[in-house]
Amino acid sequence: MTDTRPRRSLLFMPSSNARALEKAKTLACDGVIFDLEDAVAPDAKQMAREQAAAAVASGAYGARELVIRINGLDTPWWRDDVKAAAEAGGGTILIPKVEAGATLKTLEAELALYEGGDAVRLWAMMETPFGFLHAEEILVASERLDCIIVGTNDLIKDLRERHVKGRMPVMPALGMALLAARAHGRMILDGVYGDFRDDEGFREECLQARDMGFDGKTLIHPSQIATANAAFGPDAEELDYAKRLIEAFENAGQGVAVLDGRMIEALHVTEARRLVAMAEAIAKLEAGA
């Protein structure tokens with residue numbers, strides 16, 4: 001499964017905040033995650049659920065990808081969350097703290113109870129030691145699974161690590177998740193950067209994640225959108241090189257070619273074509289957002 005849908009910037013929005021949901025209609029993020037979990041107090045769960053479902057059903061968010069993060073399956077709210085998401089008509093459910101493939105099977109069974117449930121896609125958050133250790137099991141559990149999001153805050157807590165610049169303590173876990181995602185053709189997004197006032201630190205973490213192979217980043221504040229979009233989207237120089245590489249390879253008419261003194265093979269062309277397709281998808285998204 002190869003997906004070139006832009007997922008450079010997915011912004012978490014508390015679904016209990018009507019003003020925030022309205023503002024999201026005008027933001028340049030690739031997608032919005034309507035949060036029913038951590039950002040919503042227990043007494044606001046019902047209101048948040050109703051507002052998130054209404055947002056997904058509204059058609060008012062242009063071409064942005066719309067995702068509802070439900071409450072965990074160990075809470076009393078998740079079934080109502082799933083029902084509301086299914087009846088909203090499409091969209092995606094993000095499941096928090098997934099630790100086993102069985103969780104996705106449970107969601108599939110629950111969605112089957114509701115009209116519109118067949119159209120809902122699934123995303124999974126890996127946030128715990130069990131989640132990362134079971135990454136491959138999770139990735140193959142459901143054909144509906146499009147994407148995973150890594151969350152390191154809970155992981156760092158569980159491992160008794162420290163938050164350090166460069167994220168060295170969690171690199172083994174991030175690598176495990178990336179290997180599983182790429183082995184099974186799914187997209188993978190990096191977790192949030194908590195200090196939205198630290199522009200330089202956020203930019204560095206975006207570039208690190210991009211270089212590691214992540215497709216994009218989840219965000220907690222609109223001020224982070226432009227930086228994430230720039231980091232995870234092909235720039236003009238990369239795009240020009242990709243187009244020249246494809247042309248040189250096709251003109252060579254054989255298994256290898258030379259461009260700017262470097263040998264290029266089919267594997268390089270595959271990546272170049274992905275970049276070109278991604279740029280075209282970004283342009284289409286921005287035109288319709």
# chains A, B, ... in the order shown; residues from 1 in each chain; ligands from 1
$ residues_around --residues "A:Val258" --least-positions-apart "6" --cutoff "10 Å" --atoms "only C-alpha atoms" --output "list in words"
Leu245, Ala248, Phe249, Ala252, Ile264 and Glu265 of chain A
$ write_last_selection --atoms "all heavy atoms" --output "short mmCIF file (atom, residue, chain, number, x, y, z; two decimals), in the first residue's frame"
data_model
loop_
_atom_site.label_atom_id
_atom_site.label_comp_id
_atom_site.auth_asym_id
_atom_site.auth_seq_id
_atom_site.Cartn_x
_atom_site.Cartn_y
_atom_site.Cartn_z
N LEU A 245 15.58 13.58 -12.63
CA LEU A 245 16.01 12.20 -12.46
C LEU A 245 15.08 11.26 -13.25
O LEU A 245 15.56 10.34 -13.94
CB LEU A 245 15.99 11.86 -10.97
CG LEU A 245 16.57 10.51 -10.54
CD1 LEU A 245 17.12 10.62 -9.12
CD2 LEU A 245 15.52 9.41 -10.59
N ALA A 248 15.83 11.64 -16.97
CA ALA A 248 17.10 11.03 -17.37
C ALA A 248 16.98 9.51 -17.44
O ALA A 248 17.50 8.87 -18.37
CB ALA A 248 18.20 11.43 -16.38
N PHE A 249 16.30 8.94 -16.49
CA PHE A 249 16.15 7.48 -16.45
C PHE A 249 15.30 7.00 -17.61
O PHE A 249 15.64 6.00 -18.28
CB PHE A 249 15.51 7.06 -15.13
CG PHE A 249 15.51 5.57 -14.90
CD1 PHE A 249 16.63 4.93 -14.40
CD2 PHE A 249 14.38 4.82 -15.18
CE1 PHE A 249 16.63 3.56 -14.20
CE2 PHE A 249 14.37 3.46 -14.98
CZ PHE A 249 15.50 2.82 -14.49
N ALA A 252 17.21 7.20 -20.86
CA ALA A 252 18.32 6.24 -20.99
C ALA A 252 17.85 4.93 -21.61
O ALA A 252 18.62 4.25 -22.29
CB ALA A 252 18.94 5.97 -19.62
N ILE A 264 21.99 6.48 -11.31
CA ILE A 264 20.63 6.34 -10.81
C ILE A 264 20.03 5.03 -11.31
O ILE A 264 20.28 4.61 -12.44
CB ILE A 264 19.74 7.54 -11.20
CG1 ILE A 264 19.75 7.76 -12.72
CG2 ILE A 264 20.16 8.78 -10.47
CD1 ILE A 264 18.81 8.86 -13.18
N GLU A 265 19.26 4.40 -10.43
CA GLU A 265 18.64 3.13 -10.75
C GLU A 265 17.14 3.22 -10.50
O GLU A 265 16.62 4.25 -10.08
CB GLU A 265 19.25 2.02 -9.89
CG GLU A 265 20.76 1.90 -10.03
CD GLU A 265 21.32 0.85 -9.07
OE1 GLU A 265 21.15 -0.36 -9.33
OE2 GLU A 265 21.91 1.26 -8.05
#
$ select_by_dssp --residues "stretch 175-285 of chain A" --states "helix (DSSP H, G or I)" --output "mmCIF file with C-alpha atoms, in the first residue's frame"
data_model
loop_
_atom_site.group_PDB
_atom_site.id
_atom_site.type_symbol
_atom_site.label_atom_id
_atom_site.label_comp_id
_atom_site.auth_asym_id
_atom_site.auth_seq_id
_atom_site.Cartn_x
_atom_site.Cartn_y
_atom_site.Cartn_z
ATOM 1 C CA GLY A 175 12.787 2.854 14.810
ATOM 2 C CA MET A 176 10.630 -0.168 15.618
ATOM 3 C CA ALA A 177 7.477 1.713 14.660
ATOM 4 C CA LEU A 178 9.016 2.982 11.419
ATOM 5 C CA LEU A 179 10.196 -0.481 10.418
ATOM 6 C CA ALA A 180 6.732 -1.941 10.990
ATOM 7 C CA ALA A 181 4.956 0.869 9.139
ATOM 8 C CA ARG A 182 7.197 0.709 6.086
ATOM 9 C CA ALA A 183 7.222 -3.094 5.998
ATOM 10 C CA ASP A 199 9.980 27.498 17.231
ATOM 11 C CA GLU A 200 13.571 26.415 16.707
ATOM 12 C CA GLY A 201 13.250 23.283 18.821
ATOM 13 C CA PHE A 202 10.099 22.331 16.946
ATOM 14 C CA ARG A 203 11.749 22.896 13.575
ATOM 15 C CA GLU A 204 14.707 20.706 14.569
ATOM 16 C CA GLU A 205 12.412 17.899 15.693
ATOM 17 C CA CYS A 206 10.440 18.120 12.422
ATOM 18 C CA LEU A 207 13.642 17.855 10.389
ATOM 19 C CA GLN A 208 14.825 14.942 12.529
ATOM 20 C CA ALA A 209 11.535 13.119 11.993
ATOM 21 C CA ARG A 210 11.611 13.831 8.260
ATOM 22 C CA ASP A 211 15.151 12.498 7.967
ATOM 23 C CA MET A 212 14.154 9.369 9.884
ATOM 24 C CA PRO A 222 -1.738 26.461 14.707
ATOM 25 C CA SER A 223 1.612 28.282 14.932
ATOM 26 C CA GLN A 224 3.331 24.949 14.190
ATOM 27 C CA ILE A 225 1.589 24.305 10.868
ATOM 28 C CA ALA A 226 3.846 26.236 8.496
ATOM 29 C CA THR A 227 7.022 24.710 9.931
ATOM 30 C CA ALA A 228 5.669 21.162 9.645
ATOM 31 C CA ASN A 229 4.432 21.742 6.097
ATOM 32 C CA ALA A 230 7.822 23.069 5.046
ATOM 33 C CA ALA A 231 9.742 20.228 6.689
ATOM 34 C CA PHE A 232 7.705 17.316 5.349
ATOM 35 C CA ALA A 236 11.483 23.359 -5.078
ATOM 36 C CA GLU A 237 15.057 22.069 -5.372
ATOM 37 C CA GLU A 238 14.097 18.504 -4.411
ATOM 38 C CA LEU A 239 11.181 18.546 -6.812
ATOM 39 C CA ASP A 240 13.268 19.848 -9.713
ATOM 40 C CA TYR A 241 15.891 17.146 -9.122
ATOM 41 C CA ALA A 242 13.226 14.448 -8.924
ATOM 42 C CA LYS A 243 11.745 15.488 -12.251
ATOM 43 C CA ARG A 244 15.168 15.604 -13.925
ATOM 44 C CA LEU A 245 16.006 12.197 -12.465
ATOM 45 C CA ILE A 246 12.833 10.636 -13.863
ATOM 46 C CA GLU A 247 13.467 12.197 -17.274
ATOM 47 C CA ALA A 248 17.102 11.030 -17.369
ATOM 48 C CA PHE A 249 16.151 7.477 -16.446
ATOM 49 C CA GLU A 250 13.351 7.300 -18.999
ATOM 50 C CA ASN A 251 15.549 8.750 -21.738
ATOM 51 C CA ALA A 252 18.316 6.235 -20.990
ATOM 52 C CA ALA A 266 15.010 2.092 -10.595
ATOM 53 C CA LEU A 267 14.884 2.461 -6.797
ATOM 54 C CA HIS A 268 15.840 6.137 -7.120
ATOM 55 C CA VAL A 269 13.117 6.643 -9.734
ATOM 56 C CA THR A 270 10.511 5.092 -7.456
ATOM 57 C CA GLU A 271 11.260 7.621 -4.733
ATOM 58 C CA ALA A 272 11.426 10.492 -7.249
ATOM 59 C CA ARG A 273 7.987 9.591 -8.584
ATOM 60 C CA ARG A 274 6.635 9.470 -5.033
ATOM 61 C CA LEU A 275 7.942 12.994 -4.392
ATOM 62 C CA VAL A 276 6.385 14.316 -7.603
ATOM 63 C CA ALA A 277 3.061 12.653 -6.766
ATOM 64 C CA MET A 278 3.228 14.108 -3.257
ATOM 65 C CA ALA A 279 3.847 17.620 -4.605
ATOM 66 C CA GLU A 280 0.892 17.270 -6.960
ATOM 67 C CA ALA A 281 -1.310 16.056 -4.094
ATOM 68 C CA ILE A 282 -0.217 18.993 -1.911
ATOM 69 C CA ALA A 283 -1.050 21.459 -4.682
ATOM 70 C CA LYS A 284 -4.470 19.858 -5.118
ATOM 71 C CA LEU A 285 -5.111 19.918 -1.371
#
$ residues_around --residues "A:Ala57" --least-positions-apart "4" --cutoff "7 Å" --atoms "only C-alpha atoms" --output "number ranges by chain"
A: 53, 88-89
$ write_last_selection --atoms "all heavy atoms" --output "mmCIF file, in the first residue's frame"
data_model
loop_
_atom_site.group_PDB
_atom_site.id
_atom_site.type_symbol
_atom_site.label_atom_id
_atom_site.label_comp_id
_atom_site.auth_asym_id
_atom_site.auth_seq_id
_atom_site.Cartn_x
_atom_site.Cartn_y
_atom_site.Cartn_z
ATOM 1 N N ALA A 53 -18.702 15.164 15.597
ATOM 2 C CA ALA A 53 -19.493 14.492 14.568
ATOM 3 C C ALA A 53 -20.104 15.500 13.603
ATOM 4 O O ALA A 53 -20.125 15.285 12.388
ATOM 5 C CB ALA A 53 -20.573 13.645 15.218
ATOM 6 N N ALA A 88 -21.580 10.032 11.418
ATOM 7 C CA ALA A 88 -21.189 11.315 10.811
ATOM 8 C C ALA A 88 -20.934 11.177 9.320
ATOM 9 O O ALA A 88 -20.911 12.169 8.593
ATOM 10 C CB ALA A 88 -19.958 11.874 11.504
ATOM 11 N N GLY A 89 -20.699 9.944 8.868
ATOM 12 C CA GLY A 89 -20.563 9.716 7.432
ATOM 13 C C GLY A 89 -19.140 9.833 6.927
ATOM 14 O O GLY A 89 -18.759 10.837 6.335
#
$ closest_atom_pairs --of "stretch 2-95 of chain A" --to "stretch 118-142 of chain A" --cutoff "10 Å" --atoms "only C-alpha atoms" --output "tab-separated table"
residue	atom	partner	partner_atom	distance
A:Val67	CA	A:Trp123	CA	8.5
A:Ile68	CA	A:Trp123	CA	9.5
A:Arg69	CA	A:Trp123	CA	8.9
A:Val82	CA	A:Val120	CA	9.6
A:Ala85	CA	A:Val120	CA	7.8
A:Ala86	CA	A:Val120	CA	6.4
A:Glu87	CA	A:Val120	CA	9.6
A:Ala88	CA	A:Val120	CA	9.5
A:Gly89	CA	A:Ala119	CA	7.3
A:Gly90	CA	A:Val120	CA	5.0
A:Gly91	CA	A:Val120	CA	5.6
A:Thr92	CA	A:Arg121	CA	4.6
A:Ile93	CA	A:Leu122	CA	5.0
A:Leu94	CA	A:Trp123	CA	4.5
A:Ile95	CA	A:Ala124	CA	5.0
$ residues_around --residues "A:Asp30" --least-positions-apart "6" --cutoff "7 Å" --atoms "only C-alpha atoms" --output "list in words"
Pro6, Arg7, Arg8, Ser9, Leu10, Arg64 and Glu65 of chain A
$ atom_distance --atom1 "atom CA of A:Val150" --atom2 "atom CA of A:Val164"
16.9 Å
$ closest_residue --among "A:Ser15, A:Thr4, A:Thr26, A:Thr75" --to "A:Ala54" --atoms "only C-alpha atoms"
A:Ser15
$ residues_around --residues "A:Ala39" --least-positions-apart "3" --cutoff "10 Å" --atoms "only C-alpha atoms" --output "list of chain:residue names"
A:Phe12, A:Met13, A:Pro14, A:Ser15, A:Ser16, A:Asn17, A:Phe34, A:Asp35, A:Leu36, A:Pro42, A:Ala44, A:Lys45, A:Ala48
$ write_last_selection --atoms "N, CA, C and O atoms" --output "PDB file, in the first residue's frame"
ATOM      1  N   PHE A  12      -4.231  18.595  16.371  1.00  0.00           N
ATOM      2  CA  PHE A  12      -5.190  18.207  17.402  1.00  0.00           C
ATOM      3  C   PHE A  12      -6.018  19.427  17.806  1.00  0.00           C
ATOM      4  O   PHE A  12      -5.477  20.499  18.088  1.00  0.00           O
ATOM      5  N   MET A  13      -7.331  19.244  17.854  1.00  0.00           N
ATOM      6  CA  MET A  13      -8.239  20.298  18.294  1.00  0.00           C
ATOM      7  C   MET A  13      -9.166  19.739  19.367  1.00  0.00           C
ATOM      8  O   MET A  13      -9.792  18.689  19.162  1.00  0.00           O
ATOM      9  N   PRO A  14      -9.285  20.400  20.522  1.00  0.00           N
ATOM     10  CA  PRO A  14     -10.237  19.939  21.541  1.00  0.00           C
ATOM     11  C   PRO A  14     -11.665  20.123  21.035  1.00  0.00           C
ATOM     12  O   PRO A  14     -12.099  21.238  20.764  1.00  0.00           O
ATOM     13  N   SER A  15     -12.407  19.028  20.917  1.00  0.00           N
ATOM     14  CA  SER A  15     -13.730  19.111  20.298  1.00  0.00           C
ATOM     15  C   SER A  15     -14.773  19.782  21.175  1.00  0.00           C
ATOM     16  O   SER A  15     -15.887  20.048  20.726  1.00  0.00           O
ATOM     17  N   SER A  16     -14.427  20.057  22.421  1.00  0.00           N
ATOM     18  CA  SER A  16     -15.333  20.801  23.297  1.00  0.00           C
ATOM     19  C   SER A  16     -15.241  22.307  23.063  1.00  0.00           C
ATOM     20  O   SER A  16     -16.054  23.066  23.598  1.00  0.00           O
ATOM     21  N   ASN A  17     -14.273  22.737  22.248  1.00  0.00           N
ATOM     22  CA  ASN A  17     -14.041  24.156  22.010  1.00  0.00           C
ATOM     23  C   ASN A  17     -14.588  24.531  20.634  1.00  0.00           C
ATOM     24  O   ASN A  17     -13.935  24.328  19.607  1.00  0.00           O
ATOM     25  N   PHE A  34     -10.024  15.814  15.661  1.00  0.00           N
ATOM     26  CA  PHE A  34     -10.988  16.280  16.655  1.00  0.00           C
ATOM     27  C   PHE A  34     -10.847  15.382  17.885  1.00  0.00           C
ATOM     28  O   PHE A  34     -11.186  14.203  17.860  1.00  0.00           O
ATOM     29  N   ASP A  35     -10.347  15.957  18.946  1.00  0.00           N
ATOM     30  CA  ASP A  35      -9.982  15.169  20.127  1.00  0.00           C
ATOM     31  C   ASP A  35     -11.150  15.046  21.089  1.00  0.00           C
ATOM     32  O   ASP A  35     -11.726  16.051  21.523  1.00  0.00           O
ATOM     33  N   LEU A  36     -11.501  13.806  21.405  1.00  0.00           N
ATOM     34  CA  LEU A  36     -12.502  13.528  22.433  1.00  0.00           C
ATOM     35  C   LEU A  36     -11.869  12.992  23.704  1.00  0.00           C
ATOM     36  O   LEU A  36     -12.557  12.794  24.702  1.00  0.00           O
ATOM     37  N   PRO A  42     -14.353  15.094  31.578  1.00  0.00           N
ATOM     38  CA  PRO A  42     -15.450  14.113  31.587  1.00  0.00           C
ATOM     39  C   PRO A  42     -16.842  14.719  31.398  1.00  0.00           C
ATOM     40  O   PRO A  42     -17.670  14.168  30.674  1.00  0.00           O
ATOM     41  N   ALA A  44     -17.651  17.193  29.718  1.00  0.00           N
ATOM     42  CA  ALA A  44     -17.805  17.793  28.395  1.00  0.00           C
ATOM     43  C   ALA A  44     -17.738  16.763  27.275  1.00  0.00           C
ATOM     44  O   ALA A  44     -17.766  17.121  26.092  1.00  0.00           O
ATOM     45  N   LYS A  45     -17.668  15.483  27.624  1.00  0.00           N
ATOM     46  CA  LYS A  45     -17.502  14.438  26.609  1.00  0.00           C
ATOM     47  C   LYS A  45     -18.657  14.414  25.605  1.00  0.00           C
ATOM     48  O   LYS A  45     -18.437  14.311  24.401  1.00  0.00           O
ATOM     49  N   ALA A  48     -18.531  17.455  23.277  1.00  0.00           N
ATOM     50  CA  ALA A  48     -17.402  17.329  22.358  1.00  0.00           C
ATOM     51  C   ALA A  48     -17.714  16.314  21.261  1.00  0.00           C
ATOM     52  O   ALA A  48     -17.403  16.531  20.079  1.00  0.00           O
TER      53      ALA A  48
END
$ atom_distance --atom1 "atom CA of A:Arg5" --atom2 "atom CA of A:Ile149"
15.4 Å
$ atom_distance --atom1 "atom CA of A:Ser58" --atom2 "atom CA of A:Gln46"
18.2 Å
$ decode --residues "stretch 44-77 of chain A" --atoms "N, CA and C atoms" --output "compact mmCIF listing (two decimals), in the first residue's frame"
# COMPACT_ATOMS: atom_id res chain seq x y z
N ALA A 44 -17.65 17.19 29.72
CA ALA A 44 -17.81 17.79 28.39
C ALA A 44 -17.74 16.76 27.28
N LYS A 45 -17.67 15.48 27.62
CA LYS A 45 -17.50 14.44 26.61
C LYS A 45 -18.66 14.41 25.61
N GLN A 46 -19.89 14.49 26.10
CA GLN A 46 -21.03 14.41 25.19
C GLN A 46 -21.06 15.59 24.23
N MET A 47 -20.85 16.79 24.75
CA MET A 47 -20.84 17.97 23.89
C MET A 47 -19.73 17.88 22.85
N ALA A 48 -18.53 17.46 23.28
CA ALA A 48 -17.40 17.33 22.36
C ALA A 48 -17.71 16.31 21.26
N ARG A 49 -18.33 15.19 21.64
CA ARG A 49 -18.68 14.14 20.67
C ARG A 49 -19.64 14.69 19.62
N GLU A 50 -20.65 15.40 20.07
CA GLU A 50 -21.65 15.96 19.15
C GLU A 50 -21.02 16.98 18.21
N GLN A 51 -20.13 17.81 18.75
CA GLN A 51 -19.50 18.84 17.92
C GLN A 51 -18.52 18.23 16.93
N ALA A 52 -17.80 17.19 17.32
CA ALA A 52 -16.87 16.54 16.40
C ALA A 52 -17.63 15.86 15.26
N ALA A 53 -18.70 15.16 15.60
CA ALA A 53 -19.49 14.49 14.57
C ALA A 53 -20.10 15.50 13.60
N ALA A 54 -20.59 16.61 14.14
CA ALA A 54 -21.16 17.65 13.29
C ALA A 54 -20.11 18.24 12.36
N ALA A 55 -18.89 18.40 12.87
CA ALA A 55 -17.82 18.94 12.04
C ALA A 55 -17.49 18.01 10.89
N VAL A 56 -17.39 16.72 11.17
CA VAL A 56 -17.08 15.75 10.12
C VAL A 56 -18.19 15.73 9.08
N ALA A 57 -19.42 15.81 9.51
CA ALA A 57 -20.56 15.73 8.60
C ALA A 57 -20.80 17.02 7.82
N SER A 58 -20.19 18.11 8.26
CA SER A 58 -20.55 19.43 7.71
C SER A 58 -20.06 19.67 6.30
N GLY A 59 -18.94 19.06 5.92
CA GLY A 59 -18.35 19.37 4.62
C GLY A 59 -17.71 20.74 4.56
N ALA A 60 -17.48 21.34 5.72
CA ALA A 60 -16.99 22.72 5.78
C ALA A 60 -15.48 22.83 5.92
N TYR A 61 -14.79 21.71 5.85
CA TYR A 61 -13.34 21.73 6.08
C TYR A 61 -12.54 21.52 4.80
N GLY A 62 -13.17 21.72 3.68
CA GLY A 62 -12.47 21.62 2.41
C GLY A 62 -11.90 20.23 2.19
N ALA A 63 -10.66 20.19 1.69
CA ALA A 63 -10.01 18.92 1.38
C ALA A 63 -9.21 18.37 2.55
N ARG A 64 -9.27 19.03 3.70
CA ARG A 64 -8.51 18.56 4.85
C ARG A 64 -9.00 17.18 5.30
N GLU A 65 -8.06 16.36 5.76
CA GLU A 65 -8.42 15.06 6.30
C GLU A 65 -8.98 15.24 7.71
N LEU A 66 -10.08 14.56 7.99
CA LEU A 66 -10.76 14.73 9.28
C LEU A 66 -10.71 13.41 10.06
N VAL A 67 -10.23 13.52 11.30
CA VAL A 67 -10.00 12.36 12.16
C VAL A 67 -10.62 12.64 13.52
N ILE A 68 -11.29 11.66 14.09
CA ILE A 68 -11.82 11.78 15.45
C ILE A 68 -11.03 10.85 16.36
N ARG A 69 -10.36 11.43 17.36
CA ARG A 69 -9.71 10.59 18.36
C ARG A 69 -10.72 10.26 19.44
N ILE A 70 -11.06 8.97 19.51
CA ILE A 70 -12.03 8.52 20.49
C ILE A 70 -11.37 8.32 21.85
N ASN A 71 -12.18 8.09 22.84
CA ASN A 71 -11.66 7.72 24.15
C ASN A 71 -11.24 6.25 24.14
N GLY A 72 -10.35 5.90 25.04
CA GLY A 72 -9.80 4.56 25.09
C GLY A 72 -10.86 3.51 25.38
N LEU A 73 -10.57 2.29 24.98
CA LEU A 73 -11.52 1.20 25.16
C LEU A 73 -11.67 0.77 26.62
N ASP A 74 -10.89 1.36 27.49
CA ASP A 74 -11.04 1.09 28.93
C ASP A 74 -11.88 2.16 29.61
N THR A 75 -12.58 2.99 28.81
CA THR A 75 -13.42 4.06 29.36
C THR A 75 -14.89 3.77 29.04
N PRO A 76 -15.81 4.46 29.71
CA PRO A 76 -17.24 4.25 29.42
C PRO A 76 -17.74 5.03 28.20
N TRP A 77 -16.86 5.79 27.54
CA TRP A 77 -17.31 6.69 26.48
C TRP A 77 -17.07 6.18 25.07
